Every structure is written in C-alpha cells, then in structure tokens.
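model.pdb, holding PDB, C-alpha atoms:
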ATOM      1  CA  MET A   1      49.000  -6.059   1.978
ATOM      2  CA  GLN A   2      51.534  -3.529   0.638
ATOM      3  CA  LEU A   3      52.447  -3.626  -3.054
ATOM      4  CA  ASN A   4      56.051  -4.552  -3.850
ATOM      5  CA  LEU A   5      57.353  -3.352  -7.233
ATOM      6  CA  GLU A   6      59.647  -6.419  -7.431
ATOM      7  CA  TRP A   7      56.497  -8.495  -7.931
ATOM      8  CA  PHE A   8      56.017  -6.785 -11.308
ATOM      9  CA  ARG A   9      59.615  -7.471 -12.349
ATOM     10  CA  THR A  10      59.136 -11.131 -11.417
ATOM     11  CA  PHE A  11      55.770 -11.270 -13.224
ATOM     12  CA  LYS A  12      57.400  -9.831 -16.367
ATOM     13  CA  ALA A  13      60.215 -12.413 -16.191
ATOM     14  CA  ILE A  14      57.717 -15.299 -15.879
ATOM     15  CA  TYR A  15      55.640 -13.917 -18.751
ATOM     16  CA  GLU A  16      58.662 -13.594 -21.071
ATOM     17  CA  THR A  17      60.505 -16.806 -20.134
ATOM     18  CA  GLY A  18      57.446 -19.011 -19.757
ATOM     19  CA  THR A  19      58.561 -20.955 -16.668
ATOM     20  CA  LEU A  20      59.244 -20.299 -12.995
ATOM     21  CA  SER A  21      62.688 -21.880 -13.194
ATOM     22  CA  ALA A  22      63.766 -19.754 -16.167
ATOM     23  CA  ALA A  23      62.487 -16.614 -14.425
ATOM     24  CA  ALA A  24      64.429 -17.577 -11.310
ATOM     25  CA  GLN A  25      67.630 -17.941 -13.333
ATOM     26  CA  GLU A  26      67.097 -14.587 -15.022
ATOM     27  CA  LEU A  27      66.481 -12.820 -11.704
ATOM     28  CA  PHE A  28      69.147 -14.767  -9.748
ATOM     29  CA  ILE A  29      66.687 -15.779  -7.035
ATOM     30  CA  SER A  30      65.232 -19.133  -6.033
ATOM     31  CA  GLN A  31      62.237 -20.707  -7.738
ATOM     32  CA  PRO A  32      60.290 -20.609  -4.429
ATOM     33  CA  GLY A  33      61.083 -16.900  -4.326
ATOM     34  CA  VAL A  34      59.594 -16.450  -7.802
ATOM     35  CA  SER A  35      56.489 -18.381  -6.740
ATOM     36  CA  LEU A  36      56.186 -16.235  -3.614
ATOM     37  CA  HIS A  37      56.290 -13.010  -5.666
ATOM     38  CA  LEU A  38      53.701 -14.313  -8.144
ATOM     39  CA  ASN A  39      51.354 -15.579  -5.427
ATOM     40  CA  SER A  40      51.639 -12.249  -3.617
ATOM     41  CA  LEU A  41      50.853 -10.297  -6.788
ATOM     42  CA  GLU A  42      47.846 -12.511  -7.556
ATOM     43  CA  ALA A  43      46.598 -12.083  -3.991
ATOM     44  CA  TYR A  44      47.046  -8.311  -4.256
ATOM     45  CA  THR A  45      45.274  -7.961  -7.626
ATOM     46  CA  GLY A  46      42.624 -10.564  -6.843
ATOM     47  CA  TYR A  47      43.119 -12.240 -10.235
ATOM     48  CA  LYS A  48      44.730 -15.427 -11.495
ATOM     49  CA  LEU A  49      47.502 -14.266 -13.814
ATOM     50  CA  PHE A  50      48.753 -17.604 -15.206
ATOM     51  CA  ASP A  51      47.363 -21.048 -15.914
ATOM     52  CA  ARG A  52      49.979 -23.402 -14.517
ATOM     53  CA  SER A  53      50.960 -26.510 -16.478
ATOM     54  CA  SER A  54      53.817 -28.963 -16.101
ATOM     55  CA  ARG A  55      55.736 -27.361 -18.980
ATOM     56  CA  ARG A  56      54.761 -23.730 -19.229
ATOM     57  CA  MET A  57      53.088 -20.828 -17.460
ATOM     58  CA  VAL A  58      50.297 -19.661 -19.791
ATOM     59  CA  PRO A  59      49.108 -16.093 -19.113
ATOM     60  CA  THR A  60      45.407 -15.593 -18.505
ATOM     61  CA  GLU A  61      43.496 -12.728 -20.099
ATOM     62  CA  LYS A  62      44.041 -10.681 -16.929
ATOM     63  CA  GLY A  63      47.721 -11.602 -17.087
ATOM     64  CA  LYS A  64      47.983 -10.351 -20.680
ATOM     65  CA  VAL A  65      46.285  -7.080 -19.746
ATOM     66  CA  LEU A  66      48.608  -6.586 -16.777
ATOM     67  CA  TYR A  67      51.709  -7.327 -18.882
ATOM     68  CA  ASN A  68      50.722  -4.712 -21.475
ATOM     69  CA  VAL A  69      50.048  -2.164 -18.737
ATOM     70  CA  ILE A  70      53.374  -2.615 -16.907
ATOM     71  CA  LEU A  71      55.702  -3.316 -19.848
ATOM     72  CA  ASP A  72      56.424   0.309 -20.736
ATOM     73  CA  PRO A  73      56.749   1.590 -17.126
ATOM     74  CA  ILE A  74      59.067  -1.305 -16.218
ATOM     75  CA  LYS A  75      61.225  -0.629 -19.288
ATOM     76  CA  LYS A  76      61.449   3.058 -18.369
ATOM     77  CA  LEU A  77      62.485   2.173 -14.821
ATOM     78  CA  GLU A  78      65.158  -0.222 -16.119
ATOM     79  CA  ASP A  79      66.420   2.436 -18.551
ATOM     80  CA  ALA A  80      66.555   4.955 -15.716
ATOM     81  CA  GLU A  81      68.440   2.442 -13.599
ATOM     82  CA  GLN A  82      70.993   1.869 -16.367
ATOM     83  CA  HIS A  83      71.374   5.590 -16.997
ATOM     84  CA  PHE A  84      71.895   6.245 -13.291
ATOM     85  CA  HIS A  85      74.660   3.659 -13.098
ATOM     86  CA  LYS A  86      76.359   4.968 -16.238
ATOM     87  CA  SER A  87      76.320   8.524 -14.931
ATOM     88  CA  SER A  88      77.776   7.502 -11.584
ATOM     89  CA  LYS A  89      81.512   7.811 -11.013
ATOM     90  CA  THR A  90      81.558   4.317  -9.542
ATOM     91  CA  ASP A  91      79.139   1.457  -9.988
ATOM     92  CA  ARG A  92      78.501   0.292  -6.420
ATOM     93  CA  PRO A  93      76.382  -2.830  -6.044
ATOM     94  CA  THR A  94      74.240  -3.195  -2.940
ATOM     95  CA  ILE A  95      74.563  -6.334  -0.813
ATOM     96  CA  SER A  96      71.938  -7.342   1.751
ATOM     97  CA  LEU A  97      73.293  -9.252   4.735
ATOM     98  CA  GLY A  98      71.430 -10.989   7.566
ATOM     99  CA  MET A  99      73.128 -11.658  10.915
ATOM    100  CA  CYS A 100      72.755 -11.070  14.635
ATOM    101  CA  PHE A 101      73.539  -7.634  16.047
ATOM    102  CA  GLU A 102      76.432  -8.837  18.224
ATOM    103  CA  THR A 103      78.217 -10.660  15.408
ATOM    104  CA  PHE A 104      77.912  -7.524  13.279
ATOM    105  CA  GLN A 105      79.491  -5.396  16.012
ATOM    106  CA  TYR A 106      82.227  -7.920  16.668
ATOM    107  CA  THR A 107      83.289  -8.687  13.100
ATOM    108  CA  LEU A 108      82.021  -6.267  10.480
ATOM    109  CA  GLU A 109      81.346  -2.868  12.007
ATOM    110  CA  GLU A 110      84.971  -1.689  11.904
ATOM    111  CA  HIS A 111      85.262  -2.552   8.180
ATOM    112  CA  ILE A 112      82.112  -0.826   6.923
ATOM    113  CA  ALA A 113      83.768   2.430   5.845
ATOM    114  CA  GLN A 114      86.325   0.582   3.665
ATOM    115  CA  LEU A 115      83.882  -1.606   1.733
ATOM    116  CA  PRO A 116      83.742  -0.811  -2.025
ATOM    117  CA  PHE A 117      80.025  -1.590  -2.208
ATOM    118  CA  ASN A 118      76.814  -0.629  -0.450
ATOM    119  CA  LEU A 119      75.672  -2.816   2.423
ATOM    120  CA  ILE A 120      72.272  -3.260   4.067
ATOM    121  CA  ILE A 121      72.280  -5.177   7.370
ATOM    122  CA  LYS A 122      69.160  -6.969   8.582
ATOM    123  CA  PHE A 123      68.863  -8.257  12.152
ATOM    124  CA  GLY A 124      66.251 -10.836  13.058
ATOM    125  CA  GLU A 125      65.413 -14.478  13.650
ATOM    126  CA  TYR A 126      67.558 -17.032  11.829
ATOM    127  CA  PRO A 127      64.679 -19.023  10.207
ATOM    128  CA  GLN A 128      63.325 -15.821   8.657
ATOM    129  CA  MET A 129      66.819 -14.862   7.448
ATOM    130  CA  GLN A 130      67.145 -18.261   5.745
ATOM    131  CA  GLN A 131      63.785 -17.784   4.057
ATOM    132  CA  ASP A 132      64.704 -14.262   2.940
ATOM    133  CA  LEU A 133      68.011 -15.539   1.529
ATOM    134  CA  ASP A 134      66.215 -18.246  -0.427
ATOM    135  CA  ASN A 135      63.681 -15.730  -1.733
ATOM    136  CA  GLY A 136      66.351 -13.306  -2.938
ATOM    137  CA  LEU A 137      65.715 -10.651  -0.285
ATOM    138  CA  LEU A 138      69.155 -11.260   1.269
ATOM    139  CA  ASP A 139      72.446 -12.099  -0.448
ATOM    140  CA  LEU A 140      74.312 -13.592   2.515
ATOM    141  CA  ILE A 141      73.586 -14.636   6.101
ATOM    142  CA  VAL A 142      75.675 -15.598   9.127
ATOM    143  CA  SER A 143      73.876 -18.248  11.178
ATOM    144  CA  PRO A 144      74.566 -20.935  13.818
ATOM    145  CA  ASN A 145      72.248 -23.360  12.019
ATOM    146  CA  LYS A 146      71.575 -24.500   8.473
ATOM    147  CA  GLY A 147      68.230 -24.355   6.734
ATOM    148  CA  GLN A 148      66.771 -27.049   4.489
ATOM    149  CA  GLN A 149      66.382 -24.952   1.332
ATOM    150  CA  LYS A 150      67.972 -26.724  -1.640
ATOM    151  CA  ASN A 151      68.971 -23.450  -3.300
ATOM    152  CA  LEU A 152      71.292 -22.463  -0.428
ATOM    153  CA  ILE A 153      74.827 -23.485   0.510
ATOM    154  CA  TYR A 154      76.440 -23.128   3.948
ATOM    155  CA  LYS A 155      80.160 -22.856   4.682
ATOM    156  CA  PRO A 156      81.333 -23.430   8.283
ATOM    157  CA  PHE A 157      83.912 -20.843   9.317
ATOM    158  CA  SER A 158      84.110 -20.891  13.110
ATOM    159  CA  LYS A 159      82.617 -22.112  16.380
ATOM    160  CA  GLU A 160      81.149 -20.347  19.384
ATOM    161  CA  LYS A 161      81.086 -21.856  22.873
ATOM    162  CA  LEU A 162      78.199 -21.068  25.215
ATOM    163  CA  ILE A 163      79.417 -20.353  28.739
ATOM    164  CA  LEU A 164      77.937 -19.356  32.093
ATOM    165  CA  ILE A 165      79.219 -15.922  33.151
ATOM    166  CA  ALA A 166      78.680 -13.716  36.201
ATOM    167  CA  GLY A 167      79.394 -10.137  37.224
ATOM    168  CA  SER A 168      82.696  -9.682  39.033
ATOM    169  CA  ASP A 169      80.979  -8.924  42.384
ATOM    170  CA  THR A 170      78.944 -12.139  42.364
ATOM    171  CA  ASP A 171      79.650 -14.450  45.319
ATOM    172  CA  LEU A 172      80.395 -17.846  43.777
ATOM    173  CA  GLY A 173      81.511 -19.663  46.934
ATOM    174  CA  LEU A 174      78.517 -21.975  47.346
ATOM    175  CA  LEU A 175      78.124 -22.631  43.642
ATOM    176  CA  GLN A 176      81.783 -23.468  43.182
ATOM    177  CA  GLY A 177      81.536 -25.970  46.029
ATOM    178  CA  PHE A 178      78.540 -27.648  44.411
ATOM    179  CA  LEU A 179      80.269 -27.824  41.025
ATOM    180  CA  ASP A 180      83.568 -29.083  42.470
ATOM    181  CA  GLY A 181      81.642 -31.796  44.293
ATOM    182  CA  SER A 182      79.613 -32.689  41.174
ATOM    183  CA  ASP A 183      76.442 -31.826  43.107
ATOM    184  CA  THR A 184      74.441 -30.856  40.044
ATOM    185  CA  VAL A 185      71.088 -30.880  41.853
ATOM    186  CA  SER A 186      72.231 -28.296  44.429
ATOM    187  CA  ALA A 187      73.970 -26.205  41.780
ATOM    188  CA  LYS A 188      70.761 -26.110  39.715
ATOM    189  CA  ALA A 189      68.607 -25.159  42.709
ATOM    190  CA  TRP A 190      71.017 -22.413  43.741
ATOM    191  CA  LEU A 191      71.297 -20.935  40.242
ATOM    192  CA  LYS A 192      67.505 -20.753  39.892
ATOM    193  CA  GLN A 193      67.400 -18.363  42.855
ATOM    194  CA  GLN A 194      69.892 -15.895  41.359
ATOM    195  CA  ILE A 195      69.517 -12.791  39.177
ATOM    196  CA  TRP A 196      69.542 -13.652  35.472
ATOM    197  CA  TYR A 197      69.960 -11.565  32.312
ATOM    198  CA  SER A 198      68.918 -12.522  28.788
ATOM    199  CA  THR A 199      67.711 -11.086  25.497
ATOM    200  CA  ALA A 200      64.426 -11.792  23.772
ATOM    201  CA  ALA A 201      66.244 -13.138  20.710
ATOM    202  CA  ASP A 202      68.694 -15.414  22.534
ATOM    203  CA  MET A 203      66.607 -17.270  25.094
ATOM    204  CA  GLU A 204      67.746 -20.382  23.217
ATOM    205  CA  HIS A 205      71.231 -19.998  24.722
ATOM    206  CA  LEU A 206      69.875 -20.416  28.242
ATOM    207  CA  LYS A 207      67.484 -23.218  27.242
ATOM    208  CA  ASN A 208      70.140 -25.237  25.411
ATOM    209  CA  PHE A 209      72.787 -24.833  28.128
ATOM    210  CA  TRP A 210      70.324 -25.737  30.893
ATOM    211  CA  LEU A 211      68.990 -28.760  29.026
ATOM    212  CA  LYS A 212      72.454 -30.104  28.236
ATOM    213  CA  ASN A 213      73.808 -29.759  31.776
ATOM    214  CA  PHE A 214      70.732 -30.258  33.968
ATOM    215  CA  GLY A 215      68.647 -32.520  31.768
ATOM    216  CA  GLU A 216      65.566 -30.283  31.709
ATOM    217  CA  HIS A 217      64.285 -26.997  30.359
ATOM    218  CA  PRO A 218      64.712 -24.008  32.712
ATOM    219  CA  ASP A 219      61.512 -23.467  34.685
ATOM    220  CA  PHE A 220      62.294 -19.856  35.585
ATOM    221  CA  LYS A 221      62.297 -16.570  33.703
ATOM    222  CA  PRO A 222      65.264 -14.199  33.534
ATOM    223  CA  ASN A 223      64.860 -11.113  35.711
ATOM    224  CA  PHE A 224      66.023  -8.696  33.024
ATOM    225  CA  ILE A 225      65.423  -8.906  29.261
ATOM    226  CA  VAL A 226      67.775  -6.403  27.579
ATOM    227  CA  PRO A 227      68.219  -5.441  23.897
ATOM    228  CA  ASN A 228      71.333  -7.486  23.088
ATOM    229  CA  ILE A 229      74.202  -9.502  24.531
ATOM    230  CA  CYS A 230      76.501  -6.479  24.610
ATOM    231  CA  SER A 231      73.963  -4.905  26.977
ATOM    232  CA  ILE A 232      74.112  -8.011  29.188
ATOM    233  CA  ILE A 233      77.878  -7.745  29.469
ATOM    234  CA  ARG A 234      77.703  -4.047  30.320
ATOM    235  CA  CYS A 235      75.012  -4.676  32.945
ATOM    236  CA  LEU A 236      77.008  -7.479  34.563
ATOM    237  CA  SER A 237      80.362  -5.700  34.440
ATOM    238  CA  GLY A 238      81.456  -4.937  37.998
ATOM    239  CA  GLY A 239      78.085  -6.104  39.317
ATOM    240  CA  THR A 240      76.213  -9.287  40.174
ATOM    241  CA  GLY A 241      74.070 -11.750  38.252
ATOM    242  CA  PHE A 242      74.346 -14.502  35.644
ATOM    243  CA  SER A 243      73.852 -15.129  31.940
ATOM    244  CA  ILE A 244      74.647 -17.657  29.194
ATOM    245  CA  VAL A 245      76.519 -16.033  26.308
ATOM    246  CA  PRO A 246      78.821 -17.001  23.408
ATOM    247  CA  ASP A 247      82.439 -16.897  24.550
ATOM    248  CA  PHE A 248      83.749 -14.643  21.772
ATOM    249  CA  LEU A 249      81.546 -11.748  22.881
ATOM    250  CA  CYS A 250      82.928 -11.497  26.412
ATOM    251  CA  ARG A 251      86.687 -11.971  25.999
ATOM    252  CA  GLU A 252      87.563  -8.332  26.637
ATOM    253  CA  ALA A 253      85.338  -8.134  29.732
ATOM    254  CA  ILE A 254      86.934 -11.323  31.089
ATOM    255  CA  GLU A 255      90.447 -10.027  30.470
ATOM    256  CA  SER A 256      89.617  -6.760  32.240
ATOM    257  CA  GLY A 257      88.111  -8.600  35.212
ATOM    258  CA  ASP A 258      84.652  -7.036  34.793
ATOM    259  CA  ILE A 259      82.969 -10.434  34.467
ATOM    260  CA  MET A 260      83.895 -13.993  35.376
ATOM    261  CA  VAL A 261      83.580 -17.305  33.567
ATOM    262  CA  VAL A 262      81.686 -19.478  36.035
ATOM    263  CA  TRP A 263      81.255 -22.761  34.167
ATOM    264  CA  GLU A 264      81.562 -24.246  30.697
ATOM    265  CA  GLY A 265      79.260 -27.122  31.622
ATOM    266  CA  HIS A 266      79.944 -30.832  31.981
ATOM    267  CA  THR A 267      80.630 -30.920  28.261
ATOM    268  CA  PRO A 268      81.207 -27.602  26.449
ATOM    269  CA  LEU A 269      78.222 -26.610  24.299
ATOM    270  CA  GLU A 270      79.469 -25.374  20.940
ATOM    271  CA  ASN A 271      77.673 -24.008  17.895
ATOM    272  CA  THR A 272      79.183 -24.047  14.423
ATOM    273  CA  LEU A 273      78.855 -20.693  12.659
ATOM    274  CA  TYR A 274      77.988 -20.783   8.959
ATOM    275  CA  ILE A 275      78.059 -18.332   6.081
ATOM    276  CA  GLY A 276      74.990 -18.973   3.937
ATOM    277  CA  THR A 277      74.577 -17.903   0.306
ATOM    278  CA  ARG A 278      72.506 -18.861  -2.720
ATOM    279  CA  LYS A 279      74.099 -21.252  -5.189
ATOM    280  CA  LYS A 280      73.852 -18.655  -7.951
ATOM    281  CA  THR A 281      74.529 -14.967  -7.417
ATOM    282  CA  ILE A 282      75.719 -11.988  -9.409
ATOM    283  CA  TYR A 283      77.550 -10.654  -6.346
ATOM    284  CA  GLN A 284      80.139 -13.394  -5.844
ATOM    285  CA  LYS A 285      83.076 -10.967  -5.691
ATOM    286  CA  GLU A 286      81.447  -8.883  -2.964
ATOM    287  CA  ILE A 287      80.351 -11.973  -1.024
ATOM    288  CA  ASP A 288      83.901 -13.384  -1.184
ATOM    289  CA  GLN A 289      85.221 -10.152   0.338
ATOM    290  CA  LEU A 290      82.729 -10.331   3.212
ATOM    291  CA  GLU A 291      83.588 -13.996   3.792
ATOM    292  CA  ARG A 292      87.294 -13.124   4.078
ATOM    293  CA  ILE A 293      86.492 -10.526   6.749
ATOM    294  CA  PHE A 294      84.619 -13.086   8.860
ATOM    295  CA  VAL A 295      87.230 -15.818   8.439
ATOM    296  CA  ASP A 296      90.178 -13.490   9.139
ATOM    297  CA  LYS A 297      88.503 -12.140  12.277
ATOM    298  CA  TRP A 298      87.875 -15.577  13.753
ATOM    299  CA  GLN A 299      91.376 -16.818  12.920
ATOM    300  CA  LYS A 300      92.728 -14.084  15.211
ATOM    301  CA  VAL A 301      90.397 -15.000  18.095
ATOM    302  CA  ALA A 302      92.094 -16.840  20.950
ATOM    303  CA  PRO A 303      90.168 -19.735  22.546
ATOM    304  CA  ILE A 304      88.450 -18.815  25.810
ATOM    305  CA  ASP A 305      90.732 -21.256  27.627
ATOM    306  CA  THR A 306      93.735 -19.166  26.518
ATOM    307  CA  VAL A 307      92.087 -15.996  27.788
ATOM    308  CA  LEU A 308      91.492 -17.578  31.200
ATOM    309  CA  HIS A 309      95.054 -18.886  31.332
ATOM    310  CA  ASN A 310      96.478 -15.448  30.532
ATOM    311  CA  ARG A 311      94.423 -13.889  33.327
ATOM    312  CA  ALA A 312      95.625 -16.493  35.818
TER
END
Serialized structure, structure tokens:
Amino acid sequence: MQLNLEWFRTFKAIYETGTLSAAAQELFISQPGVSLHLNSLEAYTGYKLFDRSSRRMVPTEKGKVLYNVILDPIKKLEDAEQHFHKSSKTDRPTISLGMCFETFQYTLEEHIAQLPFNLIIKFGEYPQMQQDLDNGLLDLIVSPNKGQQKNLIYKPFSKEKLILIAGSDTDLGLLQGFLDGSDTVSAKAWLKQQIWYSTAADMEHLKNFWLKNFGEHPDFKPNFIVPNICSIIRCLSGGTGFSIVPDFLCREAIESGDIMVVWEGHTPLENTLYIGTRKKTIYQKEIDQLERIFVDKWQKVAPIDTVLHNRA
C-alpha cells in the first residue's frame, strides 16, 4: 500500500472536529470518503487511531502521538500552499474530471486552452468514477448511468443513441433483405459471421444492443479490440466490418460517406448522459462553466436522422 498525504489531512480534520461528518464538511468530501481515508491510514500504520462512538471520534494513544507528530509538518505545508497562491499572478484552482475518452475529444478538447483553471482528466470505468467522485478524488463526472451514492447529484443534459454501423465497402445486400423482411433470426445468424470491432471498455454497447434486438447476449467475440471508438471509426472508414457505437461520435464519418448506418434496431436504444457532482463543492463556478460547455455542444448536435436525411 502506498502512503497518501491526504490521509493525514483527513486524520487531522477528524481529530480537530471530533466527527466524520464535520470533517467531511470541512474538507468538502463525502463522509464515506473520510472513512475511506481513515481506514486506509489505520491499515497503513497498523494501529487503531480512534475509538468510534455514536457521538464522537475519541483519539487513541497512538492517535494522539500521530497528531502531535504531523501537526507541525501539515501546518508548514498549508502555509507553503497559501504562500504559493499569494505569490502567483493568478489563483488557478484545479478541477478533476472523469469521463470517457471519446466524449472528452468530442466536447471538451477544443476548449482546454481557454479554461481559466487547471484541469485533470481521468478516463476509466464509470462505477469507479462514481466512487472517486463520492470520495472527493474527482469533482465532476460525465456518465451514462447514475450511481446510488447519496452525496452525489446527477443532471441529465443529453442522450446518445446506439446504432449499428459498417464500413462503406461492406456488402449489406443480404442483411438489408433480412431486416426489410423482419427476418430477425437470419439477420442475427448473418451478423455473427461478419468482422466486428469493439473496445475493451465499451463491450456493453454490443451486449445491450444485441440483447434488446435479438433477445439474447452475443455468443461471439469481436475480431478486433481497439483502444477507443474513434479508432473503430477510422478502421471502418472506407473498409468493411461492423460495430455498435453512439451516434454522436460518427456523424462526420457518415456525412463523408466513410461509414454507413446499417440499423437503429427495432426500437432505438438510447442512453441518457448525466453530469455528476457532489452536493457540496468549493468549485461551483468552475463546474458551472464546464457544464455550459457540455450543454452548448449537445444543443448544436443534429439528430442522426437529420444527418441521414441530408446525405440522401
């Protein structure tokens, strides 16, 4: 286990406030996040640092010793932090944001240079992002699903539609006949024999689309697992093969004729996109600015049906 200096800051806040909830308010993180830091520090030191009661966290003898040891170094670090900010020409807060790589490229990348604050982007699995947001490791996430943490709030701001796409050289004659004739069994069997692209992080797109339209989980593996959905679109462009992707990521390739929309399914499969934040934050102004960027971007996005109509 690697030592995290934030554990000491959290320990100091618990020691001085007397409760996990008061420490959480002081640090602007969730109470589970405070508990996680304390448990990690106790596991690292090998000592119980507080006796827990219903009303107050009472420091143990080891806890008192640790507090006296870290108090002066922590104060010096906080003084250095304040001095650094005062000597800077501009006080730039740092915001940590969790989202998928493709959404970052599509919405935020072009605005990075104009942001008046520092930004750290984390890519990963959505459940871990939700946990990191709740624990104070992230300040904002963009996710297609909501977590159950009580300390978090989610604002819907757009929808993505999952669609079946193919490279522009793919022969769709047989498949189109099956779909036009509502022969789902033959369409499924034919698709299983084709070349498929996916990413390790977004296998859920294929699983959900297949389950909704064919009534079962896909019993085949994609031929090519590539780093991200943008890679899928580049690989398919002007070539052959299939993939399930969110519609907003392939509009330009559809308009240019590099890929084709094959099928939206019997009933379009849509995901609501949410912006997730903690209920209390010291970075509300910065978070509001990021939210406006996401909302403004999606308001300018034409539905995929409009893109197809314009091509026709």
Can you turn the PyMOL selection byres ((chain A and resi 175) around 9) into a concrete residue list for this file, as a tab-separated table (two decimals) with C-alpha atoms, in the frame of the given file?
chain	number	residue	atom	x	y	z
A	171	ASP	CA	79.65	-14.45	45.32
A	172	LEU	CA	80.40	-17.85	43.78
A	173	GLY	CA	81.51	-19.66	46.93
A	174	LEU	CA	78.52	-21.98	47.35
A	176	GLN	CA	81.78	-23.47	43.18
A	177	GLY	CA	81.54	-25.97	46.03
A	178	PHE	CA	78.54	-27.65	44.41
A	179	LEU	CA	80.27	-27.82	41.02
A	180	ASP	CA	83.57	-29.08	42.47
A	186	SER	CA	72.23	-28.30	44.43
A	187	ALA	CA	73.97	-26.20	41.78
A	190	TRP	CA	71.02	-22.41	43.74
A	191	LEU	CA	71.30	-20.94	40.24
A	262	VAL	CA	81.69	-19.48	36.03
Enumerate, as JSON, numbers by chain, the protein, DNA and RNA residues whose atoms approach (54.6, -13.0, -8.0) to within 12 Å, taking into account all atoms listed in the file and the coordinate frame of the file.
{"A": [3, 4, 5, 6, 7, 8, 9, 10, 11, 12, 13, 14, 15, 20, 23, 24, 31, 32, 33, 34, 35, 36, 37, 38, 39, 40, 41, 42, 43, 44, 45, 47, 48, 49, 50, 63, 135]}
Next, the residues of the selection above should be written as a PDB file, keeping the file's coordinate frame with C-alpha atoms.
ATOM      1  CA  LEU A   3      52.447  -3.626  -3.054  1.00  0.00           C
ATOM      2  CA  ASN A   4      56.051  -4.552  -3.850  1.00  0.00           C
ATOM      3  CA  LEU A   5      57.353  -3.352  -7.233  1.00  0.00           C
ATOM      4  CA  GLU A   6      59.647  -6.419  -7.431  1.00  0.00           C
ATOM      5  CA  TRP A   7      56.497  -8.495  -7.931  1.00  0.00           C
ATOM      6  CA  PHE A   8      56.017  -6.785 -11.308  1.00  0.00           C
ATOM      7  CA  ARG A   9      59.615  -7.471 -12.349  1.00  0.00           C
ATOM      8  CA  THR A  10      59.136 -11.131 -11.417  1.00  0.00           C
ATOM      9  CA  PHE A  11      55.770 -11.270 -13.224  1.00  0.00           C
ATOM     10  CA  LYS A  12      57.400  -9.831 -16.367  1.00  0.00           C
ATOM     11  CA  ALA A  13      60.215 -12.413 -16.191  1.00  0.00           C
ATOM     12  CA  ILE A  14      57.717 -15.299 -15.879  1.00  0.00           C
ATOM     13  CA  TYR A  15      55.640 -13.917 -18.751  1.00  0.00           C
ATOM     14  CA  LEU A  20      59.244 -20.299 -12.995  1.00  0.00           C
ATOM     15  CA  ALA A  23      62.487 -16.614 -14.425  1.00  0.00           C
ATOM     16  CA  ALA A  24      64.429 -17.577 -11.310  1.00  0.00           C
ATOM     17  CA  GLN A  31      62.237 -20.707  -7.738  1.00  0.00           C
ATOM     18  CA  PRO A  32      60.290 -20.609  -4.429  1.00  0.00           C
ATOM     19  CA  GLY A  33      61.083 -16.900  -4.326  1.00  0.00           C
ATOM     20  CA  VAL A  34      59.594 -16.450  -7.802  1.00  0.00           C
ATOM     21  CA  SER A  35      56.489 -18.381  -6.740  1.00  0.00           C
ATOM     22  CA  LEU A  36      56.186 -16.235  -3.614  1.00  0.00           C
ATOM     23  CA  HIS A  37      56.290 -13.010  -5.666  1.00  0.00           C
ATOM     24  CA  LEU A  38      53.701 -14.313  -8.144  1.00  0.00           C
ATOM     25  CA  ASN A  39      51.354 -15.579  -5.427  1.00  0.00           C
ATOM     26  CA  SER A  40      51.639 -12.249  -3.617  1.00  0.00           C
ATOM     27  CA  LEU A  41      50.853 -10.297  -6.788  1.00  0.00           C
ATOM     28  CA  GLU A  42      47.846 -12.511  -7.556  1.00  0.00           C
ATOM     29  CA  ALA A  43      46.598 -12.083  -3.991  1.00  0.00           C
ATOM     30  CA  TYR A  44      47.046  -8.311  -4.256  1.00  0.00           C
ATOM     31  CA  THR A  45      45.274  -7.961  -7.626  1.00  0.00           C
ATOM     32  CA  TYR A  47      43.119 -12.240 -10.235  1.00  0.00           C
ATOM     33  CA  LYS A  48      44.730 -15.427 -11.495  1.00  0.00           C
ATOM     34  CA  LEU A  49      47.502 -14.266 -13.814  1.00  0.00           C
ATOM     35  CA  PHE A  50      48.753 -17.604 -15.206  1.00  0.00           C
ATOM     36  CA  GLY A  63      47.721 -11.602 -17.087  1.00  0.00           C
ATOM     37  CA  ASN A 135      63.681 -15.730  -1.733  1.00  0.00           C
TER      38      ASN A 135
END
Would you mind listing what lies within 8 Å of range 284-300 of chain A as number ranges by chain, with all atoms listed in the file counted and same-chain residues fewer than 2 positions away left out?
A: 95, 107-108, 117, 139-140, 157-158, 275, 281-282, 302
Have a look at A:Leu206, A:Leu133, A:Leu138, A:Ala80 and name the one nearest to Ser96 in chain A; count all atoms listed in the file.
A:Leu138
Atom pair CA of Arg55 in chain A + CA of Ala22 in chain A, distance 11.4 Å
